[in-house]
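Following: one structure in structure tokens, then a few remarks.
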Amino acid sequence: MIPSSVAVIGAGAWGTALANAAARAGASVTLWARDPDHVADMAMTRENRSRLPGVRLSDGVRPEASMVEAVRDARAVLLAVPAQTLRSVTQALSLVLKQGLPVIVCAKGIDRVTGEFMSEIVADALPGTMPAVLSGPSFADDVARGLPTAVVLAAPDETVARALARGLSSGSFRVYHSSDVRGVEIGGAAKNVLAVAAGVVAGRGLGESARAALTARGFAELSRFARAYGGKPETLMGLSGLGDLVLTCGSEKSRNFAFGLDLGRGVALQEAGGGKLAEGVHTARILVEMAKARGVEMPIAEAVDAVLSSALSIGEAVEMLMNRPIKTESE
């Protein structure tokens, strides 16, 4: 089960970083991108100049424009495409991928139309494969450059999860394993929305005390949501929950935090984040709807959704949060 050959589908910054990480672990890696010109440039320069400039592709990574060729010899597949495009990519994969392979989702989000988790989309589109999820506190640039990083990989079968984690681990990329697929993917999806809120707090100049409080209360929201959808509390206390939340709520390298930072500084919604993908923007509405469906209170996520939909100004959202009824901290 330890993958000797890995296909990474998606040659954005994250996919490129994961390709390097898998190559450092000893795997032969194909890195698929849709654009043949992009693939040709990566092959020639040994660098993903448009998505991760300044980072050399590991020698074990082969860029590939053909999805058929990318997965031909793969023993495992890493899906590193944006969450909202995962369905179309898996549908394309269904035409060329062998059954029985582990398919590891590396996107962090929830389908904003159907409310499906990423592992559910893989299970639907690729029957006969083994859906898994990789998540945790990790920036693409850090992983690509070989800086020390720890993440968690979850699969329903603990034996499979363990083998995949060992196969992808190296001296700079430590992969823990879990069987709590739902808890791991909820941590990755929900923290994106909360990171937008943390960025707004910073951009608005509300102070470090406010950001710390928001992070702590955001973690309480994330944990309540995860419990309602079958995630384990110990998972949320780990890398994919608390770990990822702390990272993304405290760094401008987080696209979600950077998006919120711009909003807090008064940048228009359409221009915030410099046009870069912020998954939390797409996840906020469906996260709130799913929380309400299970009776889960998520006031911070609701405030983010209200600001993104222009139902509330940032000032009104802050006032709403600060004037909620006083409760015990455990509520």
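Residue numbering restarts at 1 in every chain; chains get A, B, ... in the order shown in the structure tokens, and ligands count up from 1 in that same order.
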(request) Excluding Glu208 (chain A) and any residue of its chain fewer than 5 positions from it, enumerate the residues within 10 Å of it, using only C-alpha atoms, and give them as a VMD selection string. (result) chain A and resid 198 201 to 202 213 to 214 250
May I have the selected residues written with C-alpha atoms, as an mmCIF file, in the first residue's frame?
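Full text of again.cif as output:
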data_model
loop_
_atom_site.group_PDB
_atom_site.id
_atom_site.type_symbol
_atom_site.label_atom_id
_atom_site.label_comp_id
_atom_site.auth_asym_id
_atom_site.auth_seq_id
_atom_site.Cartn_x
_atom_site.Cartn_y
_atom_site.Cartn_z
ATOM 1 C CA ALA A 198 -9.570 36.817 11.907
ATOM 2 C CA VAL A 201 -10.286 41.769 12.944
ATOM 3 C CA ALA A 202 -6.664 42.487 12.051
ATOM 4 C CA ALA A 213 -10.752 35.710 21.466
ATOM 5 C CA LEU A 214 -12.110 35.181 17.973
ATOM 6 C CA GLY A 250 -2.446 34.409 12.392
#
(message) I'd like the neighbourhood of Trp32 (chain A) as an NGL selection string, where a residue qualifies if any of its atoms comes within 8 Å (using only C-alpha atoms), though same-chain residues fewer than 5 positions away should be ignored.
(response) :A and (7-11 or 39 or 63-67 or 70)
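Using only C-alpha atoms, the contacts of Glu234 (chain A) at a cut-off of 10 Å, with sequence neighbours closer than 2 positions omitted, comprise Asp180, Gly183, Ser223, Gly231, Lys232, Leu236, Met237, Gly238 and Gly241 of chain A.
When DSSP reads the backbone of this structure, the residues of region 100-193 of chain A it assigns to strand (DSSP E or B) are A:Pro102, A:Val103, A:Ile104, A:Val105, A:Ile110, A:Phe117, A:Met130, A:Pro131, A:Ala132, A:Val133, A:Leu134, A:Ser135, A:Thr149, A:Ala150, A:Val151, A:Val152, A:Leu153, A:Ala154, A:Phe173, A:Arg174, A:Val175, A:Tyr176, A:His177, A:Ser178.
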Go through region 161-258 of chain A and flag each residue having an atom no more than 8 Å from region 303-324 of chain A; for those, report the closest pair of atoms plus their distance in Å to one decimal, using only C-alpha atoms, ordered by chain and rising number, as a tab-separated table.
residue	atom	partner	partner_atom	distance
A:Val193	CA	A:Val304	CA	7.1
A:Leu194	CA	A:Val304	CA	7.9
A:Val196	CA	A:Val304	CA	7.3
A:Ala197	CA	A:Val304	CA	6.2
Kindly save the residues from that selection, with C-alpha atoms included, as a JSON list (two decimals), in the first residue's frame.
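Result went into again.json, see below:
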[["chain", "number", "residue", "atom", "x", "y", "z"],
["A", 193, "VAL", "CA", -14.27, 30.75, 7.14],
["A", 194, "LEU", "CA", -12.94, 31.61, 10.59],
["A", 196, "VAL", "CA", -11.57, 35.35, 7.04],
["A", 197, "ALA", "CA", -13.03, 36.67, 10.30]]
(request) Please provide the set of residues having any atom within 10 Å of Leu93 (chain A), restricted to only C-alpha atoms, with same-chain residues fewer than 5 positions apart removed, written as a list in words. (result)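 Near neighbours after the sequence-gap exclusion: Ile9, Met67, Val68, Val71, Arg87, Ser88, Lys98, Val122, Ala125 and Leu126 of chain A.
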(request) Enumerate as a list in words all residues of region 80-156 of chain A assigned to helix (DSSP H, G or I) by DSSP on the backbone, naming them with the chain letters and numbers the document uses. (result)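 Selecting the helix (DSSP H, G or I) positions of region 80-156 of chain A gives Ala83, Gln84, Thr85, Leu86, Arg87, Ser88, Val89, Thr90, Gln91, Ala92, Leu93, Met118, Ser119, Glu120, Ile121, Val122, Ala123, Asp124, Ala125, Ala140, Asp141, Asp142, Val143 and Ala144 of chain A.
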(request) Please identify all polymer residues within 9 Å of Ser170 (chain A), counting only C-alpha atoms, omitting same-chain residues fewer than 6 positions from it, and present them as a list in words. (result) Ala21, Ala22, Arg24, Ala25 and Gly26 of chain A
(message) Taking only C-alpha atoms into account, name the residue in A:Asp141, A:Val61, A:Val152, A:Gly199 that is nearest to Ala272 (chain A).
(response)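 With only C-alpha atoms as the atom set, the closest residue is A:Gly199.
Distances to Leu168 (chain A) were evaluated for A:Leu277, A:Ala76, A:Val96, A:Leu86 using only C-alpha atoms, and the minimum falls at A:Ala76.
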(request) Could you jot down the CA of Arg285 (chain A) to CA of Ile104 (chain A) separation for me, Å, one decimal place? (result) 25.3 Å
(message) I'd like the contact shell of region 80-84 of chain A - 8 Å cut-off, only C-alpha atoms, skipping same-chain residues fewer than 2 positions apart - returned as a count of residues only.
(response) 22
